[in-house]
file target-v4.cif (mmCIF, C-alpha atoms and all ligand atoms; chains and numbers go by the auth columns)
data_my_file
loop_
_atom_site.group_PDB
_atom_site.id
_atom_site.type_symbol
_atom_site.label_atom_id
_atom_site.label_comp_id
_atom_site.label_asym_id
_atom_site.label_seq_id
_atom_site.Cartn_x
_atom_site.Cartn_y
_atom_site.Cartn_z
_atom_site.B_iso_or_equiv
_atom_site.auth_seq_id
_atom_site.auth_asym_id
ATOM 1 C CA MET A 1 1.986 2.839 -8.268 0.00 1 A
ATOM 2 C CA SER A 2 1.057 5.167 -5.422 0.00 2 A
ATOM 3 C CA LYS A 3 1.924 4.346 -1.838 0.00 3 A
ATOM 4 C CA ARG A 4 -1.301 3.930 0.064 0.00 4 A
ATOM 5 C CA LYS A 5 -1.568 4.614 3.797 0.00 5 A
ATOM 6 C CA LYS A 6 -2.647 1.941 6.260 0.00 6 A
ATOM 7 C CA ILE A 7 -5.872 2.372 8.185 0.00 7 A
ATOM 8 C CA VAL A 8 -7.685 0.421 10.899 0.00 8 A
ATOM 9 C CA ILE A 9 -11.331 1.190 11.601 0.00 9 A
ATOM 10 C CA GLY A 10 -13.100 0.056 14.764 0.00 10 A
ATOM 11 C CA ASN A 11 -16.871 -0.376 14.436 0.00 11 A
ATOM 12 C CA TRP A 12 -18.364 -0.609 17.907 0.00 12 A
ATOM 13 C CA LYS A 13 -21.892 -1.094 16.490 0.00 13 A
ATOM 14 C CA ASN A 14 -24.468 -0.630 19.298 0.00 14 A
ATOM 15 C CA ASN A 15 -21.896 -1.265 22.055 0.00 15 A
ATOM 16 C CA PRO A 16 -20.931 -0.870 24.877 0.00 16 A
ATOM 17 C CA GLN A 17 -24.065 -0.323 26.922 0.00 17 A
ATOM 18 C CA THR A 18 -22.745 2.376 29.272 0.00 18 A
ATOM 19 C CA PRO A 19 -20.786 5.618 28.722 0.00 19 A
ATOM 20 C CA GLU A 20 -18.357 4.592 31.495 0.00 20 A
ATOM 21 C CA GLU A 21 -17.397 1.476 29.553 0.00 21 A
ATOM 22 C CA ALA A 22 -17.163 3.486 26.333 0.00 22 A
ATOM 23 C CA LYS A 23 -14.683 5.901 27.952 0.00 23 A
ATOM 24 C CA LYS A 24 -12.565 3.032 29.244 0.00 24 A
ATOM 25 C CA ILE A 25 -12.343 1.299 25.864 0.00 25 A
ATOM 26 C CA PHE A 26 -11.682 4.562 24.041 0.00 26 A
ATOM 27 C CA LYS A 27 -8.849 5.565 26.379 0.00 27 A
ATOM 28 C CA GLY A 28 -7.245 2.123 26.141 0.00 28 A
ATOM 29 C CA ILE A 29 -7.200 2.291 22.357 0.00 29 A
ATOM 30 C CA MET A 30 -6.177 5.933 22.061 0.00 30 A
ATOM 31 C CA LYS A 31 -3.175 5.550 24.361 0.00 31 A
ATOM 32 C CA LYS A 32 -1.592 2.965 22.086 0.00 32 A
ATOM 33 C CA ALA A 33 -2.868 4.246 18.729 0.00 33 A
ATOM 34 C CA THR A 34 -1.269 7.659 19.131 0.00 34 A
ATOM 35 C CA LEU A 35 2.128 6.017 19.762 0.00 35 A
ATOM 36 C CA LEU A 36 2.117 3.909 16.598 0.00 36 A
ATOM 37 C CA SER A 37 3.417 5.184 13.304 0.00 37 A
ATOM 38 C CA GLY A 38 2.418 3.961 9.853 0.00 38 A
ATOM 39 C CA VAL A 39 -1.237 3.428 10.664 0.00 39 A
ATOM 40 C CA GLU A 40 -4.262 5.687 11.008 0.00 40 A
ATOM 41 C CA THR A 41 -6.827 4.534 13.566 0.00 41 A
ATOM 42 C CA VAL A 42 -10.509 5.442 13.284 0.00 42 A
ATOM 43 C CA VAL A 43 -12.793 4.590 16.187 0.00 43 A
ATOM 44 C CA CYS A 44 -16.524 4.617 15.404 0.00 44 A
ATOM 45 C CA PRO A 45 -18.563 4.555 18.625 0.00 45 A
ATOM 46 C CA PRO A 46 -22.356 4.881 18.719 0.00 46 A
ATOM 47 C CA THR A 47 -23.089 8.522 17.791 0.00 47 A
ATOM 48 C CA LEU A 48 -24.551 9.281 21.220 0.00 48 A
ATOM 49 C CA TYR A 49 -21.115 8.662 22.775 0.00 49 A
ATOM 50 C CA THR A 50 -19.141 10.957 20.457 0.00 50 A
ATOM 51 C CA GLY A 51 -19.768 13.881 22.842 0.00 51 A
ATOM 52 C CA LEU A 52 -17.815 12.008 25.546 0.00 52 A
ATOM 53 C CA PHE A 53 -14.661 12.486 23.484 0.00 53 A
ATOM 54 C CA SER A 54 -15.118 16.099 22.382 0.00 54 A
ATOM 55 C CA LYS A 55 -12.124 17.246 24.473 0.00 55 A
ATOM 56 C CA GLU A 56 -9.749 14.740 22.862 0.00 56 A
ATOM 57 C CA LYS A 57 -7.224 15.768 20.253 0.00 57 A
ATOM 58 C CA PHE A 58 -7.767 14.093 16.897 0.00 58 A
ATOM 59 C CA GLY A 59 -5.152 14.201 14.192 0.00 59 A
ATOM 60 C CA ALA A 60 -3.433 12.199 11.489 0.00 60 A
ATOM 61 C CA LYS A 61 -2.950 9.114 13.683 0.00 61 A
ATOM 62 C CA PHE A 62 -6.221 8.928 15.543 0.00 62 A
ATOM 63 C CA ARG A 63 -9.676 9.879 14.265 0.00 63 A
ATOM 64 C CA LEU A 64 -13.262 9.789 15.400 0.00 64 A
ATOM 65 C CA GLY A 65 -15.792 8.096 13.115 0.00 65 A
ATOM 66 C CA ALA A 66 -19.535 7.493 12.991 0.00 66 A
ATOM 67 C CA GLN A 67 -21.569 4.500 11.836 0.00 67 A
ATOM 68 C CA ASN A 68 -24.254 6.309 9.863 0.00 68 A
ATOM 69 C CA VAL A 69 -25.473 9.694 8.620 0.00 69 A
ATOM 70 C CA PHE A 70 -28.722 11.101 7.241 0.00 70 A
ATOM 71 C CA HIS A 71 -28.644 11.196 3.440 0.00 71 A
ATOM 72 C CA LYS A 72 -29.955 14.785 3.289 0.00 72 A
ATOM 73 C CA THR A 73 -28.567 17.960 4.795 0.00 73 A
ATOM 74 C CA GLU A 74 -31.968 19.446 5.657 0.00 74 A
ATOM 75 C CA GLY A 75 -35.640 18.604 5.978 0.00 75 A
ATOM 76 C CA ALA A 76 -37.502 17.044 8.897 0.00 76 A
ATOM 77 C CA CYS A 77 -36.708 13.413 9.679 0.00 77 A
ATOM 78 C CA THR A 78 -37.290 11.986 13.137 0.00 78 A
ATOM 79 C CA GLY A 79 -34.378 10.037 14.572 0.00 79 A
ATOM 80 C CA GLU A 80 -31.756 11.030 12.007 0.00 80 A
ATOM 81 C CA ILE A 81 -28.322 12.651 12.554 0.00 81 A
ATOM 82 C CA THR A 82 -27.006 15.109 9.948 0.00 82 A
ATOM 83 C CA ALA A 83 -23.494 15.547 8.597 0.00 83 A
ATOM 84 C CA ALA A 84 -23.345 19.017 10.220 0.00 84 A
ATOM 85 C CA MET A 85 -23.987 17.473 13.648 0.00 85 A
ATOM 86 C CA LEU A 86 -21.246 14.902 13.076 0.00 86 A
ATOM 87 C CA LYS A 87 -18.847 17.639 12.051 0.00 87 A
ATOM 88 C CA ALA A 88 -19.589 19.570 15.251 0.00 88 A
ATOM 89 C CA ALA A 89 -18.782 16.368 17.170 0.00 89 A
ATOM 90 C CA LYS A 90 -15.304 16.212 15.503 0.00 90 A
ATOM 91 C CA VAL A 91 -16.205 13.172 13.404 0.00 91 A
ATOM 92 C CA SER A 92 -14.114 12.872 10.214 0.00 92 A
ATOM 93 C CA HIS A 93 -14.999 9.397 8.873 0.00 93 A
ATOM 94 C CA VAL A 94 -18.435 7.804 8.445 0.00 94 A
ATOM 95 C CA ILE A 95 -19.289 4.166 7.732 0.00 95 A
ATOM 96 C CA ILE A 96 -22.118 3.865 5.196 0.00 96 A
ATOM 97 C CA GLY A 97 -23.780 0.864 3.584 0.00 97 A
ATOM 98 C CA HIS A 98 -22.834 -1.569 6.335 0.00 98 A
ATOM 99 C CA SER A 99 -24.574 -4.888 5.652 0.00 99 A
ATOM 100 C CA GLU A 100 -26.482 -4.620 8.931 0.00 100 A
ATOM 101 C CA ARG A 101 -27.925 -1.294 7.751 0.00 101 A
ATOM 102 C CA ARG A 102 -28.512 -2.605 4.249 0.00 102 A
ATOM 103 C CA ALA A 103 -30.540 -5.401 5.881 0.00 103 A
ATOM 104 C CA LEU A 104 -32.699 -2.639 7.430 0.00 104 A
ATOM 105 C CA GLY A 105 -33.411 -1.139 4.015 0.00 105 A
ATOM 106 C CA GLU A 106 -30.381 1.016 3.124 0.00 106 A
ATOM 107 C CA THR A 107 -30.202 0.688 -0.667 0.00 107 A
ATOM 108 C CA ASP A 108 -27.301 1.443 -3.016 0.00 108 A
ATOM 109 C CA ALA A 109 -29.164 4.603 -4.037 0.00 109 A
ATOM 110 C CA ILE A 110 -29.284 5.828 -0.418 0.00 110 A
ATOM 111 C CA VAL A 111 -25.623 4.882 0.097 0.00 111 A
ATOM 112 C CA ALA A 112 -24.778 6.917 -3.022 0.00 112 A
ATOM 113 C CA GLN A 113 -26.636 9.938 -1.612 0.00 113 A
ATOM 114 C CA LYS A 114 -24.937 9.561 1.763 0.00 114 A
ATOM 115 C CA ALA A 115 -21.519 9.413 0.096 0.00 115 A
ATOM 116 C CA ALA A 116 -22.288 12.567 -1.896 0.00 116 A
ATOM 117 C CA VAL A 117 -23.439 14.470 1.223 0.00 117 A
ATOM 118 C CA LEU A 118 -20.375 13.359 3.192 0.00 118 A
ATOM 119 C CA LEU A 119 -17.904 14.335 0.471 0.00 119 A
ATOM 120 C CA ARG A 120 -19.575 17.716 0.011 0.00 120 A
ATOM 121 C CA GLU A 121 -19.185 18.338 3.752 0.00 121 A
ATOM 122 C CA GLY A 122 -15.529 17.254 3.831 0.00 122 A
ATOM 123 C CA PHE A 123 -15.839 13.791 5.426 0.00 123 A
ATOM 124 C CA LYS A 124 -14.225 10.546 4.378 0.00 124 A
ATOM 125 C CA PRO A 125 -16.980 8.000 3.634 0.00 125 A
ATOM 126 C CA ILE A 126 -16.200 4.353 4.380 0.00 126 A
ATOM 127 C CA ILE A 127 -18.407 2.518 1.881 0.00 127 A
ATOM 128 C CA CYS A 128 -19.108 -1.101 2.832 0.00 128 A
ATOM 129 C CA ILE A 129 -19.662 -3.640 0.105 0.00 129 A
ATOM 130 C CA GLY A 130 -19.799 -7.417 0.238 0.00 130 A
ATOM 131 C CA GLU A 131 -21.621 -10.440 -1.048 0.00 131 A
ATOM 132 C CA ALA A 132 -23.923 -12.657 1.001 0.00 132 A
ATOM 133 C CA ILE A 133 -22.869 -15.821 -0.841 0.00 133 A
ATOM 134 C CA HIS A 134 -19.405 -16.526 -2.220 0.00 134 A
ATOM 135 C CA ASP A 135 -20.529 -18.889 -4.999 0.00 135 A
ATOM 136 C CA SER A 136 -18.093 -20.957 -7.072 0.00 136 A
ATOM 137 C CA GLU A 137 -19.591 -19.723 -10.385 0.00 137 A
ATOM 138 C CA GLY A 138 -18.408 -16.181 -9.630 0.00 138 A
ATOM 139 C CA GLU A 139 -21.883 -14.632 -9.487 0.00 139 A
ATOM 140 C CA TYR A 140 -20.648 -12.700 -6.439 0.00 140 A
ATOM 141 C CA LEU A 141 -18.196 -10.807 -8.648 0.00 141 A
ATOM 142 C CA ARG A 142 -21.057 -9.362 -10.727 0.00 142 A
ATOM 143 C CA PHE A 143 -22.873 -8.524 -7.491 0.00 143 A
ATOM 144 C CA LEU A 144 -19.813 -6.631 -6.217 0.00 144 A
ATOM 145 C CA GLU A 145 -19.413 -4.753 -9.492 0.00 145 A
ATOM 146 C CA ASN A 146 -23.018 -3.621 -9.351 0.00 146 A
ATOM 147 C CA GLN A 147 -22.775 -2.670 -5.681 0.00 147 A
ATOM 148 C CA ILE A 148 -19.615 -0.617 -6.269 0.00 148 A
ATOM 149 C CA THR A 149 -20.885 1.251 -9.330 0.00 149 A
ATOM 150 C CA SER A 150 -24.322 1.960 -7.807 0.00 150 A
ATOM 151 C CA SER A 151 -23.071 2.953 -4.348 0.00 151 A
ATOM 152 C CA MET A 152 -20.455 5.282 -5.875 0.00 152 A
ATOM 153 C CA ALA A 153 -22.661 6.579 -8.699 0.00 153 A
ATOM 154 C CA LEU A 154 -22.771 10.184 -7.423 0.00 154 A
ATOM 155 C CA ILE A 155 -19.052 10.552 -6.645 0.00 155 A
ATOM 156 C CA GLN A 156 -16.921 12.738 -8.930 0.00 156 A
ATOM 157 C CA ASN A 157 -13.527 11.371 -9.997 0.00 157 A
ATOM 158 C CA ASN A 158 -11.699 14.116 -8.096 0.00 158 A
ATOM 159 C CA ASN A 159 -13.322 12.961 -4.829 0.00 159 A
ATOM 160 C CA MET A 160 -12.594 9.273 -5.263 0.00 160 A
ATOM 161 C CA LEU A 161 -9.409 9.266 -3.205 0.00 161 A
ATOM 162 C CA ASP A 162 -11.317 10.542 -0.159 0.00 162 A
ATOM 163 C CA VAL A 163 -13.402 7.373 -0.226 0.00 163 A
ATOM 164 C CA ILE A 164 -12.460 4.164 1.582 0.00 164 A
ATOM 165 C CA ILE A 165 -13.916 0.894 0.335 0.00 165 A
ATOM 166 C CA ALA A 166 -14.529 -1.689 3.054 0.00 166 A
ATOM 167 C CA TYR A 167 -14.882 -5.132 1.523 0.00 167 A
ATOM 168 C CA GLU A 168 -16.910 -7.101 4.067 0.00 168 A
ATOM 169 C CA PRO A 169 -18.245 -10.427 2.780 0.00 169 A
ATOM 170 C CA ILE A 170 -21.438 -10.798 4.809 0.00 170 A
ATOM 171 C CA TRP A 171 -20.809 -14.465 5.580 0.00 171 A
ATOM 172 C CA THR A 172 -17.618 -13.540 7.471 0.00 172 A
ATOM 173 C CA ILE A 173 -19.184 -10.836 9.686 0.00 173 A
ATOM 174 C CA GLY A 174 -19.683 -11.974 13.267 0.00 174 A
ATOM 175 C CA ALA A 175 -18.532 -15.411 12.150 0.00 175 A
ATOM 176 C CA GLU A 176 -15.927 -17.808 13.502 0.00 176 A
ATOM 177 C CA GLN A 177 -13.487 -17.282 10.673 0.00 177 A
ATOM 178 C CA ALA A 178 -12.365 -14.477 8.424 0.00 178 A
ATOM 179 C CA MET A 179 -11.789 -14.922 4.707 0.00 179 A
ATOM 180 C CA THR A 180 -8.267 -16.203 4.025 0.00 180 A
ATOM 181 C CA GLY A 181 -5.625 -13.686 2.992 0.00 181 A
ATOM 182 C CA ASN A 182 -5.338 -15.361 -0.391 0.00 182 A
ATOM 183 C CA ASP A 183 -9.092 -15.152 -1.081 0.00 183 A
ATOM 184 C CA ILE A 184 -9.101 -11.509 0.028 0.00 184 A
ATOM 185 C CA TYR A 185 -6.240 -10.907 -2.408 0.00 185 A
ATOM 186 C CA GLN A 186 -8.222 -12.390 -5.322 0.00 186 A
ATOM 187 C CA THR A 187 -11.291 -10.312 -4.579 0.00 187 A
ATOM 188 C CA THR A 188 -9.424 -7.039 -4.063 0.00 188 A
ATOM 189 C CA LEU A 189 -7.665 -7.589 -7.399 0.00 189 A
ATOM 190 C CA TYR A 190 -11.110 -7.818 -8.945 0.00 190 A
ATOM 191 C CA ILE A 191 -12.308 -4.680 -7.094 0.00 191 A
ATOM 192 C CA ARG A 192 -9.279 -2.766 -8.427 0.00 192 A
ATOM 193 C CA LYS A 193 -10.068 -4.057 -11.943 0.00 193 A
ATOM 194 C CA ILE A 194 -13.628 -2.660 -11.621 0.00 194 A
ATOM 195 C CA LEU A 195 -12.212 0.673 -10.419 0.00 195 A
ATOM 196 C CA ARG A 196 -9.825 0.722 -13.382 0.00 196 A
ATOM 197 C CA ASP A 197 -12.562 -0.096 -15.899 0.00 197 A
ATOM 198 C CA VAL A 198 -15.137 2.328 -14.487 0.00 198 A
ATOM 199 C CA TYR A 199 -12.792 5.158 -13.440 0.00 199 A
ATOM 200 C CA ASN A 200 -9.102 4.912 -14.374 0.00 200 A
ATOM 201 C CA GLN A 201 -5.775 3.289 -13.497 0.00 201 A
ATOM 202 C CA THR A 202 -4.676 6.117 -11.189 0.00 202 A
ATOM 203 C CA ILE A 203 -7.849 5.876 -9.104 0.00 203 A
ATOM 204 C CA SER A 204 -7.660 2.095 -9.067 0.00 204 A
ATOM 205 C CA ASP A 205 -4.049 2.171 -7.828 0.00 205 A
ATOM 206 C CA ALA A 206 -4.570 4.891 -5.238 0.00 206 A
ATOM 207 C CA MET A 207 -7.889 3.992 -3.593 0.00 207 A
ATOM 208 C CA THR A 208 -7.870 2.635 -0.078 0.00 208 A
ATOM 209 C CA ILE A 209 -9.449 -0.807 0.267 0.00 209 A
ATOM 210 C CA VAL A 210 -9.812 -2.481 3.645 0.00 210 A
ATOM 211 C CA TYR A 211 -11.152 -5.896 4.594 0.00 211 A
ATOM 212 C CA GLY A 212 -13.726 -6.541 7.335 0.00 212 A
ATOM 213 C CA GLY A 213 -15.287 -9.681 8.827 0.00 213 A
ATOM 214 C CA SER A 214 -14.047 -11.528 11.932 0.00 214 A
ATOM 215 C CA VAL A 215 -10.658 -9.825 12.011 0.00 215 A
ATOM 216 C CA ASN A 216 -8.734 -10.714 15.175 0.00 216 A
ATOM 217 C CA PRO A 217 -5.133 -10.846 16.463 0.00 217 A
ATOM 218 C CA SER A 218 -4.656 -14.408 15.141 0.00 218 A
ATOM 219 C CA ASN A 219 -5.625 -13.745 11.523 0.00 219 A
ATOM 220 C CA ILE A 220 -4.437 -10.154 11.038 0.00 220 A
ATOM 221 C CA GLN A 221 -0.943 -11.209 9.907 0.00 221 A
ATOM 222 C CA ASP A 222 -2.344 -13.412 7.114 0.00 222 A
ATOM 223 C CA ILE A 223 -4.860 -10.735 6.070 0.00 223 A
ATOM 224 C CA MET A 224 -2.177 -8.034 5.826 0.00 224 A
ATOM 225 C CA THR A 225 0.614 -10.081 4.249 0.00 225 A
ATOM 226 C CA GLN A 226 -1.428 -12.198 1.806 0.00 226 A
ATOM 227 C CA GLY A 227 -4.529 -10.049 1.369 0.00 227 A
ATOM 228 C CA ASN A 228 -3.003 -6.988 -0.307 0.00 228 A
ATOM 229 C CA VAL A 229 -5.341 -4.679 1.648 0.00 229 A
ATOM 230 C CA ASP A 230 -4.644 -1.258 3.126 0.00 230 A
ATOM 231 C CA GLY A 231 -6.072 -2.160 6.496 0.00 231 A
ATOM 232 C CA VAL A 232 -9.092 -3.631 8.230 0.00 232 A
ATOM 233 C CA LEU A 233 -12.524 -2.826 9.626 0.00 233 A
ATOM 234 C CA VAL A 234 -12.929 -4.529 12.973 0.00 234 A
ATOM 235 C CA GLY A 235 -16.234 -5.207 14.765 0.00 235 A
ATOM 236 C CA ARG A 236 -16.138 -7.354 17.919 0.00 236 A
ATOM 237 C CA ASP A 237 -12.421 -7.019 18.608 0.00 237 A
ATOM 238 C CA SER A 238 -12.591 -3.212 18.455 0.00 238 A
ATOM 239 C CA LEU A 239 -14.313 -3.383 21.857 0.00 239 A
ATOM 240 C CA SER A 240 -11.269 -5.035 23.417 0.00 240 A
ATOM 241 C CA PRO A 241 -8.429 -2.498 23.726 0.00 241 A
ATOM 242 C CA GLU A 242 -5.969 -5.376 24.034 0.00 242 A
ATOM 243 C CA ASN A 243 -7.068 -7.214 20.887 0.00 243 A
ATOM 244 C CA PHE A 244 -7.622 -4.040 18.908 0.00 244 A
ATOM 245 C CA THR A 245 -4.193 -2.638 19.735 0.00 245 A
ATOM 246 C CA ASN A 246 -2.608 -5.992 18.837 0.00 246 A
ATOM 247 C CA ILE A 247 -4.268 -5.682 15.438 0.00 247 A
ATOM 248 C CA LEU A 248 -3.072 -2.061 15.139 0.00 248 A
ATOM 249 C CA THR A 249 0.486 -3.084 15.931 0.00 249 A
ATOM 250 C CA VAL A 250 0.546 -5.740 13.188 0.00 250 A
ATOM 251 C CA VAL A 251 -0.950 -3.337 10.642 0.00 251 A
ATOM 252 C CA SER A 252 1.529 -0.589 11.573 0.00 252 A
ATOM 253 C CA LYS A 253 4.421 -2.966 10.870 0.00 253 A
ATOM 254 C CA SER A 254 3.084 -4.292 7.574 0.00 254 A
HETATM 255 P P1 LIG B . -16.832 -8.518 13.134 0.00 301 B
HETATM 256 O O1 LIG B . -17.693 -7.306 12.489 0.00 301 B
HETATM 257 O O2 LIG B . -15.391 -8.064 13.170 0.00 301 B
HETATM 258 O O3 LIG B . -17.418 -8.694 14.490 0.00 301 B
HETATM 259 O O4 LIG B . -17.027 -9.687 12.247 0.00 301 B
HETATM 260 C C1 LIG B . -17.208 -6.607 11.393 0.00 301 B
HETATM 261 C C2 LIG B . -18.232 -5.596 10.926 0.00 301 B
HETATM 262 O O5 LIG B . -19.438 -5.873 10.958 0.00 301 B
HETATM 263 O O6 LIG B . -17.874 -4.490 10.505 0.00 301 B
#

call {"tool": "encode", "arguments": {"input": "target-v4.cif", "output": "structure tokens", "more": "lines below"}}
Ligand code: PGA
result
Amino acid sequence: MSKRKKIVIGNWKNNPQTPEEAKKIFKGIMKKATLLSGVETVVCPPTLYTGLFSKEKFGAKFRLGAQNVFHKTEGACTGEITAAMLKAAKVSHVIIGHSERRALGETDAIVAQKAAVLLREGFKPIICIGEAIHDSEGEYLRFLENQITSSMALIQNNNMLDVIIAYEPIWTIGAEQAMTGNDIYQTTLYIRKILRDVYNQTISDAMTIVYGGSVNPSNIQDIMTQGNVDGVLVGRDSLSPENFTNILTVVSKS
């Protein structure tokens, strides 16, 4: 069994509304994150703000991420941002297939192309998966299997360990409650079974899987101790340096 590293990803979405606020939040997080050991922190601001942090030093403990990328490396496409541009902005991790983007039309096939582009250019893709309905008949498990195999269809086995899977059940995103640690545990066991069946045991054991959906300082302990995950993807609370660094501290100790 390989020892997987812990990671916490902050997804600011389309927030905050001013660069001044963005700088303040970023500084507050970075100060603490660079002091903690045992956890890698990835902050994903809106792409427009990444230039504000170009003078910062990124390394093993603290990384800059993005929330999207164009699925091609060339060709005209109004409004898109390419992997080369993200690289120039010191971005190392990119969230793809977030449910909010899937709701805007991002299909598994596009996610697969984005993952392939990112891996070719040396990034770590954070591939979001997650069911809309957690039904008692277990239909959601088949949905997850299909989403994993289709979204990762273009990834070679030797690139698999550069990929992070973010399990984000849609019904827990922006909600009042996260999934319980025990339920997260059951689902991640199933995700690792899919990875074992489709790829192999080594990949299944070594891949990083994080949970996302209403993570906060009060539920992080349960998620990390019962959930058997390698970290979390945090939305709302990644905009509060205090809450986010509380979460980081718990993850670093787990
Ligand atoms: P939330 O968002 O933490 O606000 O639920 C998580 C996400 O959408 O990634």

call {"tool": "resolve_selection", "arguments": {"input": "target-v4.cif", "expression": "the PyMOL selection byres (((not hetatm)) within 10 of (chain B and resi 301))", "output": "PyMOL selection string"}}
result
chain A and resi 9-13+67+95+98-100+128+166-178+211-216+232-239

call {"tool": "resolve_selection", "arguments": {"input": "target-v4.cif", "expression": "the PyMOL selection byres (((chain A and resi 220) around 12) and not hetatm)", "output": "ChimeraX atom specification"}}
result
/A:8,177-181,210-219,221-234,237,243-254

call {"tool": "resolve_selection", "arguments": {"input": "target-v4.cif", "expression": "the PyMOL selection byres (((chain A and resi 31) around 12) and not hetatm)", "output": "list in words"}}
result
Lys24, Ile25, Phe26, Lys27, Gly28, Ile29, Met30, Lys32, Ala33, Thr34, Leu35, Leu36, Thr41, Glu56, Lys57, Lys61, Phe62, Pro241, Glu242, Phe244, Thr245 and Leu248 of chain A

call {"tool": "residues_around", "arguments": {"input": "target-v4.cif", "residues": "A:Lys23", "least_positions_apart": "6", "cutoff": "9 Å", "atoms": "all atoms listed in the file", "output": "PDB file with C-alpha atoms, in the frame of the given file"}}
result
ATOM      1  CA  TYR A  49     -21.115   8.662  22.775  1.00  0.00           C
ATOM      2  CA  LEU A  52     -17.815  12.008  25.546  1.00  0.00           C
ATOM      3  CA  PHE A  53     -14.661  12.486  23.484  1.00  0.00           C
TER       4      PHE A  53
END

call {"tool": "closest_residue", "arguments": {"input": "target-v4.cif", "among": "A:Ala60, A:Val43, A:Ala83, A:Gly122", "to": "A:Lys5", "atoms": "all atoms listed in the file"}}
result
A:Ala60

call {"tool": "residues_around", "arguments": {"input": "target-v4.cif", "residues": "stretch 142-145 of chain A", "least_positions_apart": "6", "cutoff": "8 Å", "atoms": "only C-alpha atoms", "output": "list of chain:residue names"}}
result
A:Ile129, A:Gly130, A:Glu131, A:Ile191, A:Ile194

call {"tool": "closest_residue", "arguments": {"input": "target-v4.cif", "among": "A:Met85, A:Ala153, A:Leu141, A:Val198", "to": "A:Thr73", "atoms": "all atoms listed in the file"}}
result
A:Met85

call {"tool": "atom_distance", "arguments": {"input": "target-v4.cif", "atom1": "atom CA of A:Ile209", "atom2": "atom CA of A:Thr47"}}
result
24.1 Å

call {"tool": "atom_distance", "arguments": {"input": "target-v4.cif", "atom1": "atom CA of A:Gln156", "atom2": "atom CA of A:Tyr140"}}
result
25.8 Å

call {"tool": "closest_residue", "arguments": {"input": "target-v4.cif", "among": "A:Ile203, A:Ile96, A:Ala66, A:Ile7", "to": "A:Ile126", "atoms": "all atoms listed in the file"}}
result
A:Ile96

call {"tool": "closest_residue", "arguments": {"input": "target-v4.cif", "among": "A:Thr50, A:Gly38, A:Thr188, A:Met152", "to": "A:Ala109", "atoms": "all atoms listed in the file"}}
result
A:Met152

call {"tool": "closest_residue", "arguments": {"input": "target-v4.cif", "among": "A:Asn14, A:Thr208, A:Gln147, A:Asn158", "to": "A:Arg120", "atoms": "only C-alpha atoms"}}
result
A:Asn158

call {"tool": "atom_distance", "arguments": {"input": "target-v4.cif", "atom1": "atom CA of A:Val39", "atom2": "atom CA of A:Ala206"}}
result
16.3 Å

call {"tool": "closest_residue", "arguments": {"input": "target-v4.cif", "among": "A:Leu195, A:Thr187, A:Ala116, A:Thr78", "to": "A:Thr149", "atoms": "only C-alpha atoms"}}
result
A:Leu195

call {"tool": "residues_around", "arguments": {"input": "target-v4.cif", "residues": "A:Ser204", "least_positions_apart": "5", "cutoff": "12 Å", "atoms": "all atoms listed in the file", "output": "PyMOL selection string"}}
result
chain A and resi 1-2+4+157+160-161+163-165+188-199+209

call {"tool": "build_atoms", "arguments": {"input": "target-v4.cif", "residues": "stretch 95-105 of chain A", "atoms": "N, CA and C atoms", "output": "short mmCIF file (atom, residue, chain, number, x, y, z; two decimals), in the coordinates of the input"}}
result
data_model
loop_
_atom_site.label_atom_id
_atom_site.label_comp_id
_atom_site.auth_asym_id
_atom_site.auth_seq_id
_atom_site.Cartn_x
_atom_site.Cartn_y
_atom_site.Cartn_z
N ILE A 95 -18.98 5.46 8.37
CA ILE A 95 -19.29 4.17 7.73
C ILE A 95 -20.68 4.28 7.10
N ILE A 96 -20.79 3.91 5.83
CA ILE A 96 -22.12 3.86 5.20
C ILE A 96 -22.27 2.53 4.46
N GLY A 97 -23.51 2.10 4.32
CA GLY A 97 -23.78 0.86 3.58
C GLY A 97 -23.33 -0.39 4.30
N HIS A 98 -23.19 -0.34 5.62
CA HIS A 98 -22.83 -1.57 6.34
C HIS A 98 -23.94 -2.60 6.09
N SER A 99 -23.57 -3.87 6.00
CA SER A 99 -24.57 -4.89 5.65
C SER A 99 -25.72 -4.94 6.67
N GLU A 100 -25.40 -4.60 7.94
CA GLU A 100 -26.48 -4.62 8.93
C GLU A 100 -27.48 -3.50 8.69
N ARG A 101 -27.01 -2.39 8.11
CA ARG A 101 -27.92 -1.29 7.75
C ARG A 101 -28.61 -1.58 6.42
N ARG A 102 -27.88 -2.23 5.53
CA ARG A 102 -28.51 -2.60 4.25
C ARG A 102 -29.66 -3.56 4.53
N ALA A 103 -29.47 -4.45 5.53
CA ALA A 103 -30.54 -5.40 5.88
C ALA A 103 -31.77 -4.67 6.43
N LEU A 104 -31.57 -3.43 6.91
CA LEU A 104 -32.70 -2.64 7.43
C LEU A 104 -33.29 -1.74 6.35
N GLY A 105 -32.80 -1.88 5.12
CA GLY A 105 -33.41 -1.14 4.01
C GLY A 105 -32.53 -0.09 3.35
#
